[in-house]
Amino acid sequence: MSDRHRSYKPDARRIEKFYQNYVDVMGQTSGWSSPERAYKVYNICSKSPAQTWSTFDSVLDVGSGEGEFFNFLKERRGFSGKYTGIEVFKPFYDTSVERYGDRPDTEWIYGEFLGHDFGDRQFDWLMALGTFSSRQDNQEEYDFQLCQKMFSLAKKGISIYLNDLHNSSPPERLKKIPDICLHDIPQFIEKVEKNFPVSQTQTVSFSLNPPASMAIVHFLL
């Protein structure tokens, strides 16, 4: 893990512009193109046997959108711990605070994940359901540092949503959104397993809008 990874700074304005473009094309609904699509992804990403939600005390959602994943975990997964969401796109953050800001079992942070100081805090599980979808000029550096920080904060595991480079031809909806990132998922997993303390990897590939394909990758610690 070289110093060049530690010193890399993402272009936060580019990330914000990416999400603004997404909203302009898809509309603002839970940070996804529709609530139905959001809940399908939430269901797929949260049913690994390793995710014993009822026993978790804490979850960090990296790129928490409008906060609907918190609602999903409470209603569908029996999660009763503390949910922390961090969001860089102000309209999403504002909506999450408006909906759930008065809940004592939530914490909402406005800011860019790599630039936020969590101190010595750790969380049972980390989720990233869109953070890796925003392209940066040096994507490998960006991905590495995101993973580096996520692994430093996780106690039991990490779940990452990725758009699949190989198993889909990007549909028109993707072409309309500048800077959306598609990943070589086997290569991504190989690099993570090589550089970070992974005890087991679980990959769930799926398609919601053929021919677009994506995957949820669970890294267990």
# chains A, B, ... in the order shown; residues from 1 in each chain; ligands from 1
>>> select_by_dssp(residues="segment 29-183 of chain A", states="strand (DSSP E or B)", output="PyMOL selection string")
chain A and resi 29+32+58-62+82-87+106-110+123-128+134+154-164+180+183
>>> write_last_selection(atoms="N, CA and C atoms", output="CSV table (one decimal), in the first residue's frame")
chain,number,residue,atom,x,y,z
A,29,THR,N,-35.3,9.4,-7.1
A,29,THR,CA,-36.1,8.5,-6.3
A,29,THR,C,-35.2,7.5,-5.6
A,32,TRP,N,-32.0,6.0,-7.1
A,32,TRP,CA,-32.1,5.0,-8.1
A,32,TRP,C,-33.1,5.5,-9.2
A,58,SER,N,-24.0,-1.8,14.3
A,58,SER,CA,-23.7,-0.6,13.5
A,58,SER,C,-23.5,-1.0,12.0
A,59,VAL,N,-23.9,-0.1,11.2
A,59,VAL,CA,-23.8,-0.2,9.7
A,59,VAL,C,-23.4,1.2,9.2
A,60,LEU,N,-22.4,1.2,8.2
A,60,LEU,CA,-22.0,2.4,7.5
A,60,LEU,C,-22.4,2.3,6.1
A,61,ASP,N,-23.2,3.2,5.6
A,61,ASP,CA,-23.7,3.2,4.2
A,61,ASP,C,-22.9,4.3,3.5
A,62,VAL,N,-22.0,3.9,2.6
A,62,VAL,CA,-21.1,4.8,1.9
A,62,VAL,C,-21.8,5.2,0.6
A,82,LYS,N,-27.3,1.0,15.0
A,82,LYS,CA,-27.1,2.4,14.6
A,82,LYS,C,-26.7,2.4,13.1
A,83,TYR,N,-27.5,3.1,12.3
A,83,TYR,CA,-27.2,3.3,10.9
A,83,TYR,C,-26.5,4.6,10.7
A,84,THR,N,-25.4,4.6,10.0
A,84,THR,CA,-24.7,5.9,9.7
A,84,THR,C,-24.6,5.9,8.2
A,85,GLY,N,-25.1,7.0,7.6
A,85,GLY,CA,-25.0,7.2,6.2
A,85,GLY,C,-24.2,8.5,5.8
A,86,ILE,N,-23.3,8.3,4.8
A,86,ILE,CA,-22.5,9.5,4.4
A,86,ILE,C,-22.8,9.7,2.9
A,87,GLU,N,-23.1,11.0,2.5
A,87,GLU,CA,-23.6,11.3,1.2
A,87,GLU,C,-22.9,12.6,0.7
A,106,THR,N,-30.1,6.8,13.8
A,106,THR,CA,-29.4,7.2,12.6
A,106,THR,C,-28.4,8.3,12.8
A,107,GLU,N,-27.5,8.4,11.9
A,107,GLU,CA,-26.5,9.5,11.8
A,107,GLU,C,-26.3,9.8,10.3
A,108,TRP,N,-26.5,11.1,9.9
A,108,TRP,CA,-26.4,11.5,8.5
A,108,TRP,C,-25.2,12.5,8.4
A,109,ILE,N,-24.3,12.1,7.5
A,109,ILE,CA,-23.1,12.9,7.3
A,109,ILE,C,-23.1,13.4,5.9
A,110,TYR,N,-22.9,14.8,5.7
A,110,TYR,CA,-22.8,15.4,4.4
A,110,TYR,C,-21.3,15.5,4.1
A,123,PHE,N,-17.4,-0.2,12.2
A,123,PHE,CA,-18.8,-0.6,12.0
A,123,PHE,C,-18.8,-2.0,11.6
A,124,ASP,N,-19.9,-2.7,12.1
A,124,ASP,CA,-20.0,-4.1,11.8
A,124,ASP,C,-20.0,-4.4,10.3
A,125,TRP,N,-20.7,-3.6,9.5
A,125,TRP,CA,-20.8,-3.9,8.1
A,125,TRP,C,-20.8,-2.6,7.4
A,126,LEU,N,-20.1,-2.5,6.2
A,126,LEU,CA,-20.1,-1.4,5.3
A,126,LEU,C,-20.8,-1.7,4.0
A,127,MET,N,-21.6,-0.8,3.5
A,127,MET,CA,-22.3,-1.0,2.2
A,127,MET,C,-21.8,0.2,1.3
A,128,ALA,N,-21.6,-0.1,0.0
A,128,ALA,CA,-21.3,0.9,-1.0
A,128,ALA,C,-22.2,0.5,-2.2
A,134,SER,N,-19.1,6.0,-10.0
A,134,SER,CA,-18.7,7.3,-10.5
A,134,SER,C,-17.2,7.2,-11.0
A,154,ALA,N,-14.3,-1.5,8.7
A,154,ALA,CA,-15.2,-2.7,8.9
A,154,ALA,C,-14.7,-3.7,9.9
A,155,LYS,N,-15.6,-4.2,10.6
A,155,LYS,CA,-15.3,-5.3,11.6
A,155,LYS,C,-15.6,-6.7,11.0
A,156,LYS,N,-16.7,-6.8,10.2
A,156,LYS,CA,-17.1,-8.1,9.8
A,156,LYS,C,-17.2,-8.3,8.3
A,157,GLY,N,-17.5,-7.2,7.6
A,157,GLY,CA,-17.7,-7.4,6.1
A,157,GLY,C,-18.0,-6.1,5.4
A,158,ILE,N,-17.9,-6.2,4.1
A,158,ILE,CA,-18.2,-5.1,3.2
A,158,ILE,C,-19.0,-5.6,2.0
A,159,SER,N,-19.9,-4.8,1.5
A,159,SER,CA,-20.7,-5.2,0.3
A,159,SER,C,-20.5,-4.0,-0.7
A,160,ILE,N,-20.2,-4.4,-1.9
A,160,ILE,CA,-20.0,-3.4,-3.0
A,160,ILE,C,-20.8,-3.7,-4.2
A,161,TYR,N,-21.5,-2.7,-4.7
A,161,TYR,CA,-22.2,-2.8,-6.0
A,161,TYR,C,-21.4,-2.3,-7.1
A,162,LEU,N,-21.3,-3.1,-8.2
A,162,LEU,CA,-20.5,-2.8,-9.3
A,162,LEU,C,-21.3,-3.0,-10.6
A,163,ASN,N,-21.1,-2.1,-11.6
A,163,ASN,CA,-21.7,-2.3,-12.9
A,163,ASN,C,-20.7,-3.2,-13.7
A,164,ASP,N,-21.2,-4.2,-14.4
A,164,ASP,CA,-20.3,-5.2,-15.0
A,164,ASP,C,-19.9,-4.8,-16.4
A,180,ILE,N,-20.3,7.4,-15.9
A,180,ILE,CA,-20.7,6.2,-15.2
A,180,ILE,C,-19.5,5.1,-15.4
A,183,HIS,N,-17.0,-1.9,-14.3
A,183,HIS,CA,-15.8,-2.6,-13.8
A,183,HIS,C,-15.6,-4.0,-14.4
>>> residues_around(residues="Asp179 of chain A", least_positions_apart="4", cutoff="9 Å", atoms="only C-alpha atoms", output="ChimeraX atom specification")
/A:14-15,18,133-136
>>> write_last_selection(atoms="N, CA and C atoms", output="PDB file, in the first residue's frame")
ATOM      1  N   ARG A  14     -16.773  16.394  -9.527  1.00  0.00           N
ATOM      2  CA  ARG A  14     -17.115  15.478 -10.616  1.00  0.00           C
ATOM      3  C   ARG A  14     -18.135  14.443 -10.144  1.00  0.00           C
ATOM      4  N   ILE A  15     -17.976  13.979  -8.901  1.00  0.00           N
ATOM      5  CA  ILE A  15     -18.933  13.026  -8.341  1.00  0.00           C
ATOM      6  C   ILE A  15     -20.307  13.667  -8.210  1.00  0.00           C
ATOM      7  N   PHE A  18     -21.864  13.966 -11.556  1.00  0.00           N
ATOM      8  CA  PHE A  18     -22.341  12.658 -12.004  1.00  0.00           C
ATOM      9  C   PHE A  18     -23.743  12.381 -11.469  1.00  0.00           C
ATOM     10  N   SER A 133     -19.583   3.589  -8.786  1.00  0.00           N
ATOM     11  CA  SER A 133     -20.158   3.792 -10.120  1.00  0.00           C
ATOM     12  C   SER A 133     -19.767   5.125 -10.738  1.00  0.00           C
ATOM     13  N   SER A 134     -19.073   5.972  -9.994  1.00  0.00           N
ATOM     14  CA  SER A 134     -18.671   7.288 -10.483  1.00  0.00           C
ATOM     15  C   SER A 134     -17.229   7.243 -10.964  1.00  0.00           C
ATOM     16  N   ARG A 135     -17.021   7.532 -12.228  1.00  0.00           N
ATOM     17  CA  ARG A 135     -15.682   7.427 -12.827  1.00  0.00           C
ATOM     18  C   ARG A 135     -14.779   8.578 -12.385  1.00  0.00           C
ATOM     19  N   GLN A 136     -13.528   8.227 -12.111  1.00  0.00           N
ATOM     20  CA  GLN A 136     -12.489   9.222 -11.840  1.00  0.00           C
ATOM     21  C   GLN A 136     -11.386   9.078 -12.887  1.00  0.00           C
TER      22      GLN A 136
END
>>> closest_residue(among="A:Glu16, A:Glu112, A:Glu141, A:Asp57", to="Pro91 of chain A", atoms="only C-alpha atoms")
A:Glu16
>>> select_by_dssp(residues="segment 99-137 of chain A", states="helix (DSSP H, G or I)", output="list of chain:residue names")
A:Arg99, A:Tyr100, A:Phe113, A:Leu114, A:Gly115, A:Thr131, A:Phe132, A:Ser133
>>> residues_around(residues="Tyr42 of chain A", least_positions_apart="6", cutoff="10 Å", atoms="only C-alpha atoms", output="list of chain:residue names")
A:Glu36, A:Glu68, A:Phe69, A:Phe70, A:Phe72, A:Leu73, A:Arg76, A:Leu129
>>> residues_around(residues="segment 142-147 of chain A", least_positions_apart="3", cutoff="10 Å", atoms="only C-alpha atoms", output="VMD selection string")
chain A and resid 1 4 to 11 62 113 to 114 128 131 to 132 134 to 139 150 to 153 158 160 188 191 to 192 195 to 196
>>> write_last_selection(atoms="C-alpha atoms", output="CSV table (one decimal), in the first residue's frame")
chain,number,residue,atom,x,y,z
A,1,MET,CA,0.0,0.0,0.0
A,4,ARG,CA,0.6,7.5,-3.7
A,5,HIS,CA,-2.7,5.7,-2.8
A,6,ARG,CA,-2.9,7.4,0.5
A,7,SER,CA,-2.4,10.9,-1.1
A,8,TYR,CA,-4.9,10.4,-3.9
A,9,LYS,CA,-7.8,12.9,-3.8
A,10,PRO,CA,-11.0,12.3,-5.8
A,11,ASP,CA,-12.7,15.0,-7.7
A,62,VAL,CA,-21.1,4.8,1.9
A,113,PHE,CA,-16.2,9.6,2.1
A,114,LEU,CA,-12.4,9.7,1.6
A,128,ALA,CA,-21.3,0.9,-1.0
A,131,THR,CA,-20.0,4.9,-4.8
A,132,PHE,CA,-17.9,2.8,-7.2
A,134,SER,CA,-18.7,7.3,-10.5
A,135,ARG,CA,-15.7,7.4,-12.8
A,136,GLN,CA,-12.5,9.2,-11.8
A,137,ASP,CA,-9.5,10.1,-14.0
A,138,ASN,CA,-7.4,7.4,-12.3
A,139,GLN,CA,-10.1,4.8,-11.5
A,150,MET,CA,-13.6,0.7,3.9
A,151,PHE,CA,-11.5,-2.2,5.2
A,152,SER,CA,-10.0,0.0,7.9
A,153,LEU,CA,-13.6,0.8,9.2
A,158,ILE,CA,-18.2,-5.1,3.2
A,160,ILE,CA,-20.0,-3.4,-3.0
A,188,PHE,CA,-11.5,-6.0,-9.1
A,191,LYS,CA,-6.9,-6.9,-6.5
A,192,VAL,CA,-9.0,-6.6,-3.4
A,195,ASN,CA,-4.2,-6.3,-0.9
A,196,PHE,CA,-6.7,-6.6,1.9
>>> closest_residue(among="A:Arg37, A:Arg77, A:Lys17, A:Lys47", to="His218 of chain A", atoms="only C-alpha atoms")
A:Lys47
>>> closest_residue(among="A:Ser48, A:Gln148, A:Gln122, A:Ser96", to="Thr203 of chain A", atoms="only C-alpha atoms")
A:Ser48
>>> atom_distance(atom1="atom CA of Thr52 of chain A", atom2="atom CA of Thr201 of chain A")
16.1 Å
>>> closest_residue(among="A:Ser64, A:Ser213, A:Thr55, A:Ser199", to="Gly130 of chain A", atoms="only C-alpha atoms")
A:Ser64
>>> closest_residue(among="A:Glu66, A:Val41, A:Asp94, A:Gly111", to="Ala215 of chain A", atoms="only C-alpha atoms")
A:Val41
